[in-house]
Structures are given as C-alpha cells and as structure tokens.
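What follows is the content of start.txt (compact mmCIF, C-alpha atoms (C1' of nucleotides)).
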# COMPACT_ATOMS: atom_id res chain seq x y z
CA MET W 1 113.93 103.47 170.77
CA THR W 2 113.81 104.95 167.34
CA PRO W 3 110.34 104.61 165.92
CA GLY W 4 109.76 102.21 163.15
CA THR W 5 112.60 99.89 163.87
CA THR W 6 111.03 96.52 164.38
CA SER W 7 107.40 96.25 165.32
CA ALA W 8 106.15 99.81 164.87
CA ARG W 9 102.59 100.10 163.73
CA PRO W 10 102.33 101.20 160.12
CA PRO W 11 100.57 104.48 159.53
CA GLY W 12 96.97 104.63 158.56
CA ARG W 13 93.78 103.37 160.09
CA PRO W 14 94.61 100.53 162.45
CA ARG W 15 93.28 97.09 161.90
CA THR W 16 90.95 96.98 164.83
CA GLY W 17 90.74 93.63 166.56
CA VAL W 18 88.26 92.06 164.24
CA ASN W 19 89.93 88.66 164.06
CA PRO W 20 88.72 87.46 167.46
CA ALA W 21 85.22 88.68 166.69
CA VAL W 22 85.26 86.97 163.30
CA PHE W 23 86.59 83.72 164.76
CA ALA W 24 83.92 83.69 167.43
CA ALA W 25 81.23 84.54 164.89
CA THR W 26 82.47 81.82 162.56
CA LEU W 27 82.28 79.10 165.19
CA SER W 28 78.94 80.20 166.60
CA THR W 29 77.38 80.56 163.17
CA ILE W 30 78.64 77.17 162.04
CA HIS W 31 77.45 75.68 165.31
CA GLU W 32 73.99 77.14 164.77
CA LEU W 33 73.50 76.57 161.06
CA GLY W 34 76.09 74.04 159.99
CA TYR W 35 79.00 74.64 157.68
CA ALA W 36 77.17 75.06 154.39
CA ARG W 37 74.51 77.43 155.70
CA ALA W 38 77.06 79.51 157.53
CA THR W 39 77.57 81.96 154.71
CA VAL W 40 80.26 84.59 154.81
CA ASP W 41 77.52 87.21 154.77
CA ARG W 42 76.03 85.82 157.95
CA ILE W 43 79.37 85.39 159.68
CA ALA W 44 80.22 88.97 158.87
CA ALA W 45 76.88 90.19 160.18
CA THR W 46 77.30 88.23 163.40
CA ALA W 47 80.79 89.60 163.86
CA GLY W 48 79.56 93.13 163.22
CA VAL W 49 81.89 93.44 160.27
CA ALA W 50 81.48 94.00 156.55
CA LYS W 51 81.85 91.00 154.27
CA THR W 52 84.49 92.83 152.29
CA THR W 53 86.59 93.14 155.42
CA ILE W 54 86.64 89.38 155.75
CA TYR W 55 87.68 88.93 152.14
CA ARG W 56 90.42 91.50 152.65
CA ARG W 57 91.94 89.29 155.33
CA TRP W 58 91.26 85.77 154.08
CA PRO W 59 91.32 84.65 150.47
CA SER W 60 88.39 82.26 150.87
CA LYS W 61 85.86 80.95 153.31
CA GLY W 62 87.93 77.81 153.71
CA ALA W 63 91.05 79.75 154.61
CA LEU W 64 89.06 81.68 157.18
CA VAL W 65 87.83 78.49 158.78
CA VAL W 66 91.33 77.02 158.86
CA ASP W 67 92.61 80.08 160.70
CA CYS W 68 89.61 79.86 162.96
CA LEU W 69 90.47 76.27 163.79
CA LEU W 70 94.10 77.19 164.40
CA ASP W 71 92.89 79.80 166.84
CA ALA W 72 90.53 77.33 168.50
CA PHE W 73 93.11 74.56 168.79
CA GLY W 74 95.79 76.81 170.16
CA PRO W 75 99.45 75.89 170.40
CA VAL W 76 100.66 72.33 170.33
CA PRO W 77 100.33 70.92 173.82
CA VAL W 78 103.77 69.70 174.78
CA ALA W 79 103.10 66.78 177.02
CA SER W 80 105.65 64.64 178.73
CA GLY W 81 105.54 61.14 180.02
CA SER W 82 105.57 57.69 178.56
CA ARG W 83 104.68 57.08 174.96
CA ALA W 84 101.37 55.68 176.08
CA GLN W 85 100.61 58.80 178.05
CA LEU W 86 101.60 60.99 175.13
CA VAL W 87 99.39 59.21 172.64
CA SER W 88 96.49 58.98 175.05
CA SER W 89 96.59 62.62 176.05
CA ALA W 90 96.93 63.73 172.43
CA ILE W 91 93.84 61.75 171.44
CA HIS W 92 91.81 63.05 174.34
CA TRP W 93 92.96 66.58 173.59
CA ILE W 94 91.95 66.56 169.92
CA ALA W 95 88.70 64.75 170.72
CA ALA W 96 87.79 67.41 173.26
CA LYS W 97 88.62 70.17 170.82
CA ILE W 98 86.53 68.62 168.07
CA GLY W 99 83.73 68.25 170.59
CA GLU W 100 83.62 71.96 171.31
CA PRO W 101 80.58 73.68 169.82
CA GLY W 102 81.15 74.49 166.18
CA VAL W 103 84.69 73.15 166.01
CA GLY W 104 83.80 69.70 164.79
CA ASP W 105 81.37 71.03 162.21
CA ALA W 106 83.91 73.56 161.04
CA PHE W 107 86.63 70.94 160.79
CA ALA W 108 84.47 68.47 158.91
CA GLY W 109 83.18 71.20 156.63
CA VAL W 110 86.51 72.65 155.67
CA PHE W 111 87.88 69.15 155.25
CA SER W 112 85.09 68.42 152.86
CA ASP W 113 85.77 71.52 150.85
CA ALA W 114 89.44 70.64 150.71
CA VAL W 115 88.72 67.36 148.96
CA SER W 116 87.87 69.17 145.74
CA ASP W 117 90.09 72.21 146.28
CA PRO W 118 93.83 71.59 146.08
CA THR W 119 94.60 75.13 147.22
CA LEU W 120 92.58 74.69 150.37
CA ARG W 121 94.02 71.23 150.87
CA GLU W 122 97.49 72.71 150.82
CA ILE W 123 96.48 75.30 153.41
CA LEU W 124 94.90 72.63 155.57
CA ALA W 125 97.87 70.29 155.37
CA THR W 126 100.51 72.95 155.90
CA ARG W 127 98.97 75.21 158.48
CA LEU W 128 96.89 72.78 160.48
CA GLN W 129 98.25 69.27 160.16
CA GLU W 130 101.97 69.81 159.80
CA PRO W 131 102.71 71.50 163.14
CA TYR W 132 100.99 68.78 165.09
CA ARG W 133 102.56 66.08 162.94
CA LEU W 134 106.03 67.42 163.59
CA ALA W 135 105.38 67.76 167.30
CA LEU W 136 104.19 64.17 167.46
CA GLN W 137 107.12 62.87 165.46
CA ASP W 138 109.43 64.64 167.85
CA ALA W 139 107.64 63.53 170.98
CA LEU W 140 107.18 59.92 169.96
CA GLY W 141 110.33 59.41 167.96
CA GLU W 142 108.29 57.79 165.22
CA PRO W 143 108.88 58.09 161.48
CA GLU W 144 106.67 60.36 159.43
CA ASN W 145 104.58 57.64 157.84
CA ARG W 146 103.56 56.13 161.16
CA VAL W 147 102.62 59.50 162.63
CA LEU W 148 100.62 60.29 159.51
CA LEU W 149 98.77 57.02 159.93
CA LEU W 150 98.10 57.85 163.57
CA ILE W 151 96.66 61.22 162.57
CA ASP W 152 94.58 59.65 159.83
CA VAL W 153 93.16 57.12 162.25
CA VAL W 154 92.41 59.49 165.10
CA VAL W 155 91.18 62.54 163.21
CA GLY W 156 89.49 60.45 160.56
CA THR W 157 87.57 58.49 163.17
CA LEU W 158 86.47 61.59 165.04
CA LEU W 159 85.37 63.39 161.88
CA HIS W 160 83.60 60.34 160.50
CA ARG W 161 81.58 60.01 163.67
CA MET W 162 80.83 63.72 163.62
CA GLY W 163 79.80 63.60 160.00
CA MET W 164 77.64 60.51 160.24
CA THR W 165 75.82 61.36 163.45
CA GLY W 166 76.13 65.12 163.74
CA GLU W 167 77.32 64.64 167.29
CA PRO W 168 80.86 64.44 168.63
CA MET W 169 82.15 61.10 169.81
CA THR W 170 81.23 60.13 173.35
CA ASP W 171 83.87 59.81 176.02
CA ALA W 172 83.36 56.08 176.16
CA ASP W 173 84.04 55.73 172.46
CA VAL W 174 87.07 58.00 172.68
CA ALA W 175 88.36 55.73 175.42
CA ALA W 176 87.76 52.73 173.17
CA LEU W 177 89.63 54.47 170.37
CA VAL W 178 92.56 55.07 172.67
CA GLU W 179 92.47 51.46 173.73
CA MET W 180 92.50 50.37 170.12
CA VAL W 181 95.26 52.65 168.94
CA LEU W 182 97.54 52.63 171.92
CA PRO W 183 99.03 49.12 171.72
CA TYR W 184 100.15 49.84 168.19
CA PHE W 185 102.09 52.93 169.20
CA ALA W 186 103.13 52.36 172.76
CA ASP W 187 103.57 49.54 175.18
CA ASP W 188 102.58 49.93 178.76
CA ASP W 189 106.15 50.43 179.80
CA GLY W 190 106.69 53.04 177.16
CA ARG W 191 108.95 51.07 174.88
CA PRO W 192 108.18 50.74 171.21
CA ARG W 193 106.17 47.67 170.52
CA ARG W 194 107.80 46.87 167.23
CA ALA W 195 111.07 47.66 165.61
CA VAL W 196 111.07 50.95 163.80
CA ASP W 197 112.29 50.58 160.27
CA MET P 1 44.71 37.94 135.69
CA THR P 2 45.39 39.54 132.41
CA PRO P 3 48.80 38.70 131.09
CA GLY P 4 51.53 40.94 132.40
CA THR P 5 49.93 42.01 135.62
CA THR P 6 52.55 41.04 138.11
CA SER P 7 55.95 42.15 136.88
CA ALA P 8 54.84 43.78 133.67
CA ARG P 9 56.40 46.98 132.62
CA PRO P 10 54.00 49.88 133.10
CA PRO P 11 52.70 51.41 129.93
CA GLY P 12 54.34 54.40 128.39
CA ARG P 13 57.79 55.15 127.21
CA PRO P 14 60.20 52.77 128.91
CA ARG P 15 62.86 54.04 131.21
CA THR P 16 65.79 53.17 129.05
CA GLY P 17 68.81 51.96 130.90
CA VAL P 18 70.22 55.29 131.81
CA ASN P 19 71.22 54.43 135.37
CA PRO P 20 74.35 52.51 134.40
CA ALA P 21 75.38 55.30 132.05
CA VAL P 22 74.77 57.93 134.69
CA PHE P 23 76.67 55.96 137.32
CA ALA P 24 79.63 55.54 135.03
CA ALA P 25 79.53 59.19 134.04
CA THR P 26 79.31 60.25 137.68
CA LEU P 27 82.39 58.32 138.69
CA SER P 28 84.45 59.29 135.67
CA THR P 29 83.52 62.95 135.95
CA ILE P 30 84.29 63.05 139.65
CA HIS P 31 87.53 61.22 138.98
CA GLU P 32 88.48 63.79 136.36
CA LEU P 33 87.34 67.00 137.98
CA GLY P 34 86.79 66.26 141.64
CA TYR P 35 83.52 66.23 143.48
CA ALA P 36 82.78 69.96 143.52
CA ARG P 37 83.59 70.58 139.85
CA ALA P 38 81.61 67.56 138.76
CA THR P 39 78.40 69.45 138.17
CA VAL P 40 75.18 67.68 137.41
CA ASP P 41 75.20 69.40 134.03
CA ARG P 42 78.53 67.87 133.19
CA ILE P 43 77.60 64.43 134.47
CA ALA P 44 74.45 64.53 132.37
CA ALA P 45 76.39 65.59 129.30
CA THR P 46 78.92 62.81 129.80
CA ALA P 47 76.15 60.27 130.23
CA GLY P 48 74.41 61.54 127.10
CA VAL P 49 71.35 62.37 129.13
CA ALA P 50 69.43 65.52 129.94
CA LYS P 51 69.94 67.08 133.33
CA THR P 52 66.22 66.98 133.93
CA THR P 53 66.28 63.23 133.52
CA ILE P 54 68.74 62.97 136.37
CA TYR P 55 66.60 65.13 138.61
CA ARG P 56 63.59 63.02 137.76
CA ARG P 57 65.34 59.98 139.19
CA TRP P 58 67.32 61.39 142.10
CA PRO P 59 66.21 64.19 144.41
CA SER P 60 69.67 65.70 144.69
CA LYS P 61 73.25 65.39 143.56
CA GLY P 62 74.12 63.79 146.89
CA ALA P 63 71.43 61.15 146.53
CA LEU P 64 72.72 60.38 143.04
CA VAL P 65 76.24 59.89 144.34
CA VAL P 66 75.04 57.66 147.17
CA ASP P 67 73.25 55.42 144.68
CA CYS P 68 76.34 55.51 142.51
CA LEU P 69 78.44 54.33 145.45
CA LEU P 70 75.94 51.61 146.25
CA ASP P 71 76.27 50.44 142.67
CA ALA P 72 80.05 50.60 142.85
CA PHE P 73 80.32 48.78 146.15
CA GLY P 74 77.94 46.06 145.19
CA PRO P 75 76.37 43.62 147.60
CA VAL P 76 77.77 42.94 151.02
CA PRO P 77 80.54 40.40 150.67
CA VAL P 78 79.62 37.58 152.93
CA ALA P 79 82.93 36.21 154.06
CA SER P 80 83.49 33.29 156.33
CA GLY P 81 86.34 32.34 158.54
CA SER P 82 87.79 33.49 161.80
CA ARG P 83 86.96 36.87 163.23
CA ALA P 84 90.41 38.04 162.28
CA GLN P 85 89.92 36.94 158.70
CA LEU P 86 86.53 38.60 158.57
CA VAL P 87 87.78 41.93 159.83
CA SER P 88 90.88 41.82 157.69
CA SER P 89 89.06 40.98 154.50
CA ALA P 90 86.41 43.60 155.16
CA ILE P 91 89.04 46.30 155.59
CA HIS P 92 90.93 45.26 152.47
CA TRP P 93 87.66 45.14 150.55
CA ILE P 94 86.53 48.64 151.46
CA ALA P 95 90.04 50.04 151.01
CA ALA P 96 90.19 48.58 147.51
CA LYS P 97 86.77 49.99 146.67
CA ILE P 98 87.69 53.46 147.89
CA GLY P 99 90.88 53.21 145.87
CA GLU P 100 88.99 52.70 142.62
CA PRO P 101 89.07 55.76 140.36
CA GLY P 102 86.45 58.27 141.41
CA VAL P 103 85.02 56.20 144.23
CA GLY P 104 87.11 57.71 146.97
CA ASP P 105 86.53 61.23 145.72
CA ALA P 106 82.82 60.59 145.43
CA PHE P 107 82.64 59.10 148.89
CA ALA P 108 84.59 61.91 150.52
CA GLY P 109 82.59 64.50 148.62
CA VAL P 110 79.17 63.19 149.47
CA PHE P 111 80.28 62.65 153.02
CA SER P 112 81.30 66.28 153.17
CA ASP P 113 77.97 67.42 151.83
CA ALA P 114 76.17 65.28 154.35
CA VAL P 115 77.80 67.08 157.24
CA SER P 116 75.64 70.14 156.64
CA ASP P 117 72.66 68.36 155.14
CA PRO P 118 70.62 66.21 157.52
CA THR P 119 68.53 64.82 154.68
CA LEU P 120 71.56 63.60 152.85
CA ARG P 121 73.08 62.33 156.06
CA GLU P 122 70.01 60.21 156.61
CA ILE P 123 70.28 58.79 153.11
CA LEU P 124 73.96 58.07 153.60
CA ALA P 125 73.47 56.39 156.97
CA THR P 126 70.45 54.34 155.96
CA ARG P 127 71.26 53.26 152.45
CA LEU P 128 75.03 52.98 152.56
CA GLN P 129 76.20 52.40 156.10
CA GLU P 130 73.40 50.39 157.63
CA PRO P 131 73.51 47.29 155.40
CA TYR P 132 77.21 46.84 155.95
CA ARG P 133 76.86 47.57 159.66
CA LEU P 134 74.20 44.90 160.06
CA ALA P 135 76.19 42.39 158.06
CA LEU P 136 79.23 43.02 160.23
CA GLN P 137 77.24 42.78 163.44
CA ASP P 138 75.89 39.48 162.29
CA ALA P 139 79.19 38.11 161.10
CA LEU P 140 81.21 39.22 164.10
CA GLY P 141 78.59 38.85 166.77
CA GLU P 142 79.52 42.25 168.10
CA PRO P 143 77.15 44.83 169.56
CA GLU P 144 76.13 47.80 167.50
CA ASN P 145 78.33 50.36 169.20
CA ARG P 146 81.50 48.37 168.63
CA VAL P 147 80.73 47.80 164.98
CA LEU P 148 79.96 51.48 164.58
CA LEU P 149 83.31 52.29 166.08
CA LEU P 150 85.00 49.85 163.72
CA ILE P 151 83.32 51.53 160.76
CA ASP P 152 84.24 54.97 162.03
CA VAL P 153 87.86 53.95 162.39
CA VAL P 154 88.24 52.16 159.08
CA VAL P 155 86.20 54.41 156.81
CA GLY P 156 87.26 57.55 158.64
CA THR P 157 90.91 56.68 158.24
CA LEU P 158 90.58 55.89 154.56
CA LEU P 159 88.61 59.04 153.81
CA HIS P 160 90.92 61.23 155.87
CA ARG P 161 93.91 60.00 153.94
CA MET P 162 92.05 60.49 150.69
CA GLY P 163 91.01 64.00 151.66
CA MET P 164 94.37 65.14 152.93
CA THR P 165 96.52 63.74 150.16
CA GLY P 166 94.16 63.31 147.25
CA GLU P 167 95.45 59.78 146.87
CA PRO P 168 94.04 56.53 148.23
CA MET P 169 95.88 54.80 151.02
CA THR P 170 98.78 52.60 150.00
CA ASP P 171 98.64 48.86 150.51
CA ALA P 172 101.32 49.07 153.15
CA ASP P 173 99.30 51.56 155.17
CA VAL P 174 96.16 49.51 154.77
CA ALA P 175 98.08 46.56 156.14
CA ALA P 176 99.21 48.70 159.05
CA LEU P 177 95.63 49.75 159.66
CA VAL P 178 94.55 46.13 159.74
CA GLU P 179 97.34 45.33 162.14
CA MET P 180 96.25 48.16 164.39
CA VAL P 181 92.56 47.39 164.39
CA LEU P 182 92.63 43.64 164.38
CA PRO P 183 93.75 42.91 167.94
CA TYR P 184 90.92 44.99 169.28
CA PHE P 185 88.31 43.01 167.42
CA ALA P 186 89.74 39.57 167.00
CA ASP P 187 92.19 38.92 169.79
CA ASP P 188 91.76 38.00 173.39
CA ASP P 189 90.80 41.32 174.83
CA GLY P 190 88.25 39.71 177.06
CA ARG P 191 85.82 38.83 174.33
CA PRO P 192 85.43 35.25 173.16
CA ARG P 193 86.02 34.33 169.59
CA ARG P 194 82.98 33.31 167.68
CA ALA P 195 82.53 29.58 167.37
CA VAL P 196 81.95 29.54 163.67
CA ASP P 197 84.92 27.65 162.38
C1' DT S 1 95.83 119.38 159.31
C1' DG S 2 97.39 116.32 155.94
C1' DG S 3 98.98 111.50 154.81
C1' DT S 4 97.99 106.79 154.97
C1' DT S 5 95.50 102.76 155.37
C1' DT S 6 91.63 100.15 156.55
C1' DC S 7 86.59 99.93 157.06
C1' DG S 8 81.67 99.82 155.64
C1' DC S 9 78.45 100.01 152.13
C1' DT S 10 76.29 99.04 147.84
C1' DA S 11 76.27 96.91 143.74
C1' DC S 12 77.94 93.65 140.80
C1' DT S 13 79.60 89.13 138.38
C1' DT S 14 79.91 84.16 138.27
C1' DG S 15 78.37 79.63 138.62
C1' DG S 16 75.98 75.62 140.18
C1' DA S 17 71.67 73.39 142.31
C1' DG S 18 67.26 72.59 141.41
C1' DT S 19 62.48 73.66 138.87
C1' DA S 20 58.94 74.37 135.18
C1' DT S 21 57.17 73.62 130.78
C1' DC S 22 56.25 71.42 126.54
C1' DG S 23 56.83 69.03 122.42
C1' DA S 24 58.96 64.60 121.00
C1' DT S 25 59.54 59.83 121.56
C1' DA S 26 59.05 54.90 122.59
C1' DC S 27 56.51 51.27 124.02
C1' DC S 28 52.10 48.58 124.76
C1' DT S 29 47.49 47.31 123.56
C1' DA S 30 43.40 47.15 120.97
C1' DT T 1 47.42 51.00 112.33
C1' DA T 2 45.74 54.12 115.80
C1' DG T 3 45.57 55.59 120.56
C1' DG T 4 47.04 55.80 125.40
C1' DT T 5 50.65 56.62 128.60
C1' DA T 6 54.73 57.84 130.73
C1' DT T 7 59.37 59.17 130.11
C1' DC T 8 62.92 61.92 127.56
C1' DG T 9 65.28 66.14 125.74
C1' DA T 10 65.71 70.95 125.39
C1' DT T 11 65.26 75.44 126.89
C1' DA T 12 64.66 78.75 130.04
C1' DC T 13 64.16 79.96 134.32
C1' DT T 14 64.75 80.94 139.89
C1' DC T 15 67.55 80.95 143.91
C1' DC T 16 71.51 81.52 146.50
C1' DA T 17 76.24 81.87 147.94
C1' DA T 18 81.21 82.89 146.73
C1' DG T 19 83.96 86.32 145.55
C1' DT T 20 84.98 91.28 143.33
C1' DA T 21 84.90 96.45 142.41
C1' DG T 22 84.73 101.09 143.69
C1' DC T 23 84.19 104.86 146.67
C1' DG T 24 83.46 107.71 150.54
C1' DA T 25 84.17 107.62 155.59
C1' DA T 26 86.71 106.68 159.61
C1' DA T 27 90.88 106.18 162.51
C1' DC T 28 95.39 106.68 163.53
C1' DC T 29 100.14 109.15 163.19
C1' DA T 30 103.24 112.99 162.47
When written as structure tokens, how does the structure in this file appear?
Amino acid sequence: MTPGTTSARPPGRPRTGVNPAVFAATLSTIHELGYARATVDRIAATAGVAKTTIYRRWPSKGALVVDCLLDAFGPVPVASGSRAQLVSSAIHWIAAKIGEPGVGDAFAGVFSDAVSDPTLREILATRLQEPYRLALQDALGEPENRVLLLIDVVVGTLLHRMGMTGEPMTDADVAALVEMVLPYFADDDGRPRRAVD
Amino acid sequence: MTPGTTSARPPGRPRTGVNPAVFAATLSTIHELGYARATVDRIAATAGVAKTTIYRRWPSKGALVVDCLLDAFGPVPVASGSRAQLVSSAIHWIAAKIGEPGVGDAFAGVFSDAVSDPTLREILATRLQEPYRLALQDALGEPENRVLLLIDVVVGTLLHRMGMTGEPMTDADVAALVEMVLPYFADDDGRPRRAVD
DNA sequence: TGGTTTCGCTACTTGGAGTATCGATACCTA
DNA sequence: TAGGTATCGATACTCCAAGTAGCGAAACCA
C-alpha cells in the first residue's frame, strides 16, 4: 500500500487517546458533583488532561457532553419483533442508559443548557436525537411527527423525573410508562392501532 | 388593641408594588432573550427596579422565576366532571400555560437549573409541583405515585418539546398526548371510575 | 535530525450571580 | 410638623466558571 492513501496518520504528534479518558472523567465528575459544578477545569484534571486540550477538541462544554452521551449511548440498537416489542425494548433501553451513573445528570444538564443556546440545541437535535428518530421511524413505519411525540414523551418523562427527584426512574415506573405509551403505538398483535395519516 | 394591630402595614417605607412589575419583566425578558441571557440586571432594568431590590425579595434567580411561574399559573383550577374530563382539561390547561410567551422558556430554564441545585429543586418541588399534585390526587382519587407519573409524563413531554424545538407544542400534538395518556388514567384498566358525577 | 502537529502550562478576558454599604425616600404616628 | 422605621436606588465590589492566547515541550514520521 502506498502510504498516505486513505487512512494514513497525519504527521506530527499523535492525538493520544484522550477522548475515552475525557468521556469517563466527564461522566464521573458530573455524577459526583452534578452538571453545573462539573467545571471543565475539574473534568480536565480528572482526565489527566489540560483544559486547553479539551477546548481544542470541543467548541463548548455542551458539545463535549453531547459527544460524551453519544459515546455512552452507543449505536442504535436494532431490535426486531412486533411493534410492541420494539417500543417496549426501546423505552427500557433508554431508561437504563439514563439510569447509568452520570448519564441522566449529563443529559438533563446539557438539555437545560440547550434551551437558551440555539447552537447547542442544533447539536443536540442533530447528533443525538436524529439518529434514533430515524431508526425508530424506520423500525416502526411511523411518520415523523408521531415518532417525535414518542421521543418527547419517553425522554421528557425520564428527564423530568430525574430533574425533579435527582434519581432515575424506578423499574416499576418505567414499566408503567411502557404500559401507558404502548397501546398508542402498538397493538398486542403488532398491527397499528389507528390509521396512519 | 390599638388601631391597626392585626393587618396593619408595618411602619417604614412601604414595599411598593414591585412584584407585578418584576414578574412581567421576568417573563418578557426571558421571552426576548431566553433564560440564560435574561440576567437579573436586565430584568431589574426592565422592571424599573434596582437589582438589589430583587435580591432583597428573592434569594436567587431561580427562586424569582419559580414565584414568577406561580404567579403566571395562578391558582389550581378546580375542575369537575368525569376522570377523563379532569385529566384532559388539566393537560390542556398546563399546555396552554407553558405556551404563553416566556412561560415555557422560564419553566424549562428553571427546571434546568434545579437539576444541579438541590436548594432550587426543593423550592420547585414544594412550591410549584406539590399543590397541583395534591389537587390532582384529590380530584382523581389516585395514589401519589400514579399522579407523580402523570405529572412527569405531561410536564416532561411539554418541556422536552419546548427545549428541543424552542417552540411550544402544537394543539394537535397536545391532543395526541391527551389521547395517549387518557386511557391509562380514565379508562377501564382495572381501576374504577370515581363516583363523582 | 528536522518537520509537523498536538500537548501542557500559565495567564488572561469576559460576564453573570450574588453581596455590602449608604444616602435617599416614603409612609405612619405623635 | 417632626421623628421613627424600613425599604429603595446606586455604586462598587467579590467570586467563579466559560472560553482564549501564546509559547515551549513532547511525540511521532521520514
């Protein structure tokens, strides 16, 4: 292979694997201190990295946290089965993720910041929400507006509970949420409950 | 008793009616600039009041916004009718309130702050959520955990939509939300209707 | 060994939350 | 009309975190 064709490393000092360390430090620091007290200085110190290094890689604290959440959530889980199974497993999956230490706090915190920051809101909507929205639209065969409502209901509920109590939603309440949402999106036999317009 | 003992104004310079002005200025400033850019300095300037006056009356910006929301929401609407009518009207009521200019932004913003601020979270839960929770428990005859879930779902959904899009939820989506939630709380899912009608 | 790029460090700017102080003001009562 | 009292307005401050600038040092490749 001739060097430098496709994925050759560029010359210069390599970017050592700081991203995993920073992601881990971000979650643990947010878990310990909460979103607001988790300053970039502290995250950098925990990760064993200079603050300037973080700002060289992410334009803002919010963008860092969004990437951190992307890393924590991982790829879209492609489930198969009836519509009911799809919706149920998706809800349990996101609820479990948000329940992981630091993840819920980070999500709620960056969401809060995004309310007053259109740039961050764009990052959040494009990088975090859109992939999962598209996957759900594809898997469920539902129009965009219904999938958006589903996401609003599920994520909104989980974050509201997290924000009001400081604790993630219990399994029993997640089950109740599934029970509440499921009839609207899937019948027991997997057929759509109402005509899709 | 000397005249004016019971409900007499205390001596000294009267607290002129600044609260209404501050509330109005808070909502309009947040509506214009968003929660984060609506600094206390700016709110004070808009209200024609000194910043120190605001901090004499409220311990923090978050506490001010909570009181502002209390003022905007007004007293608990005591509705009557079937459980379905109660739930439906409550959802439409809170959706309309959150759709008012500035209210949704203020709510989402203070909610965001509360995530990392236990003091503010306490204020939010006690002063804002609890009265409506108790009223709903009483009206629906539901246990606390189910009413809390209802509030999480409804308010969480509305705030999530507000935060992700910057716009309040459309009437059509609010109707869909009602349709989704209502069977769980008002239909025959094993729980008897309340014999109120 | 030299070229290239990133890293760490220190120091800085910016901006908002919240505090301290003090004279001015508005109301009540005598 | 004078005095007591409590709030108001204005100014100036502290504190803290986000984000920036500049430079020498380190790490890799050829």
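Using all atoms listed in the file, the part of chain S that sits within 10 Å of chain P is made up of DG16, DA17, DG18, DT19, DT25, DA26, DC27, DC28 and DT29 of chain S.
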task: Please determine the contact residues of chain W with respect to chain P at a cut-off of 9 Å, counting only C-alpha atoms, and supply them as a PyMOL selection string.
output: chain W and resi 33-37+105+108-118+121-122+124-125+145-146+148-149+151-166+173+176-177+179-185
message: I'd like the neighbourhood of Asn19 in chain P as a VMD selection string, where a residue qualifies if any of its atoms comes within 9 Å (using all atoms listed in the file), though same-chain residues fewer than 6 positions away should be ignored.
response: chain P and resid 54 57 68
task: List every protein, DNA or RNA residue with an atom no more than 12 Å from (76.0, 41.8, 158.6) in the file's coordinates, counting all atoms listed in the file, and format the result as a PyMOL selection string.
output: chain P and resi 75-80+86-87+90+129-144+147
Select from chain T every residue with an atom at most 12 Å from any atom of chain W, then for each give the shortest pair of atoms and their distance in Å to one decimal, using all atoms listed in the file, rows by chain and rising number, as JSON lines.
{"residue": "T:DC16", "atom": "C1'", "partner": "W:Thr39", "partner_atom": "CA", "distance": 10.2}
{"residue": "T:DA17", "atom": "C1'", "partner": "W:Thr39", "partner_atom": "CA", "distance": 6.9}
{"residue": "T:DA18", "atom": "C1'", "partner": "W:Lys61", "partner_atom": "CA", "distance": 8.3}
{"residue": "T:DG19", "atom": "C1'", "partner": "W:Tyr55", "partner_atom": "CA", "distance": 8.0}
{"residue": "T:DT20", "atom": "C1'", "partner": "W:Thr52", "partner_atom": "CA", "distance": 9.1}
{"residue": "T:DA21", "atom": "C1'", "partner": "W:Thr52", "partner_atom": "CA", "distance": 10.5}
{"residue": "T:DG22", "atom": "C1'", "partner": "W:Thr52", "partner_atom": "CA", "distance": 11.9}
{"residue": "T:DA25", "atom": "C1'", "partner": "W:Arg13", "partner_atom": "CA", "distance": 11.4}
{"residue": "T:DA26", "atom": "C1'", "partner": "W:Arg13", "partner_atom": "CA", "distance": 7.8}
{"residue": "T:DA27", "atom": "C1'", "partner": "W:Arg13", "partner_atom": "CA", "distance": 4.7}
{"residue": "T:DC28", "atom": "C1'", "partner": "W:Arg13", "partner_atom": "CA", "distance": 5.0}
{"residue": "T:DC29", "atom": "C1'", "partner": "W:Pro11", "partner_atom": "CA", "distance": 5.9}
{"residue": "T:DA30", "atom": "C1'", "partner": "W:Pro11", "partner_atom": "CA", "distance": 9.4}
message: Just the number, please: distance in Å from CA of Arg56 in chain W to CA of Gly17 in chain W, one decimal.
response: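 Distance reported for this atom pair: 14.1 Å.
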task: Kindly give the distance, in Å, that separates CA of Ile123 in chain P and CA of Thr26 in chain P, rounded to a single decimal.
output: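 Going from CA of Ile123 in chain P over to CA of Thr26 in chain P, I get 17.9 Å.
Once DA30 in chain S and its same-chain neighbours fewer than 5 positions away are set aside, DT1, DA2, DG3 and DG4 of chain T remain within 12 Å of it when counting all atoms listed in the file.
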Selected residues written out with C-alpha atoms (C1' of nucleotides), as a tab-separated table (two decimals), keeping the file's coordinate frame:
chain	number	residue	atom	x	y	z
T	1	DT	C1'	47.42	51.00	112.33
T	2	DA	C1'	45.74	54.12	115.80
T	3	DG	C1'	45.57	55.59	120.56
T	4	DG	C1'	47.04	55.80	125.40
query: How many Å lie between CA of Thr126 in chain W and CA of Val66 in chain W, rounded to one decimal?
result: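 These atoms are spaced 10.5 Å apart.
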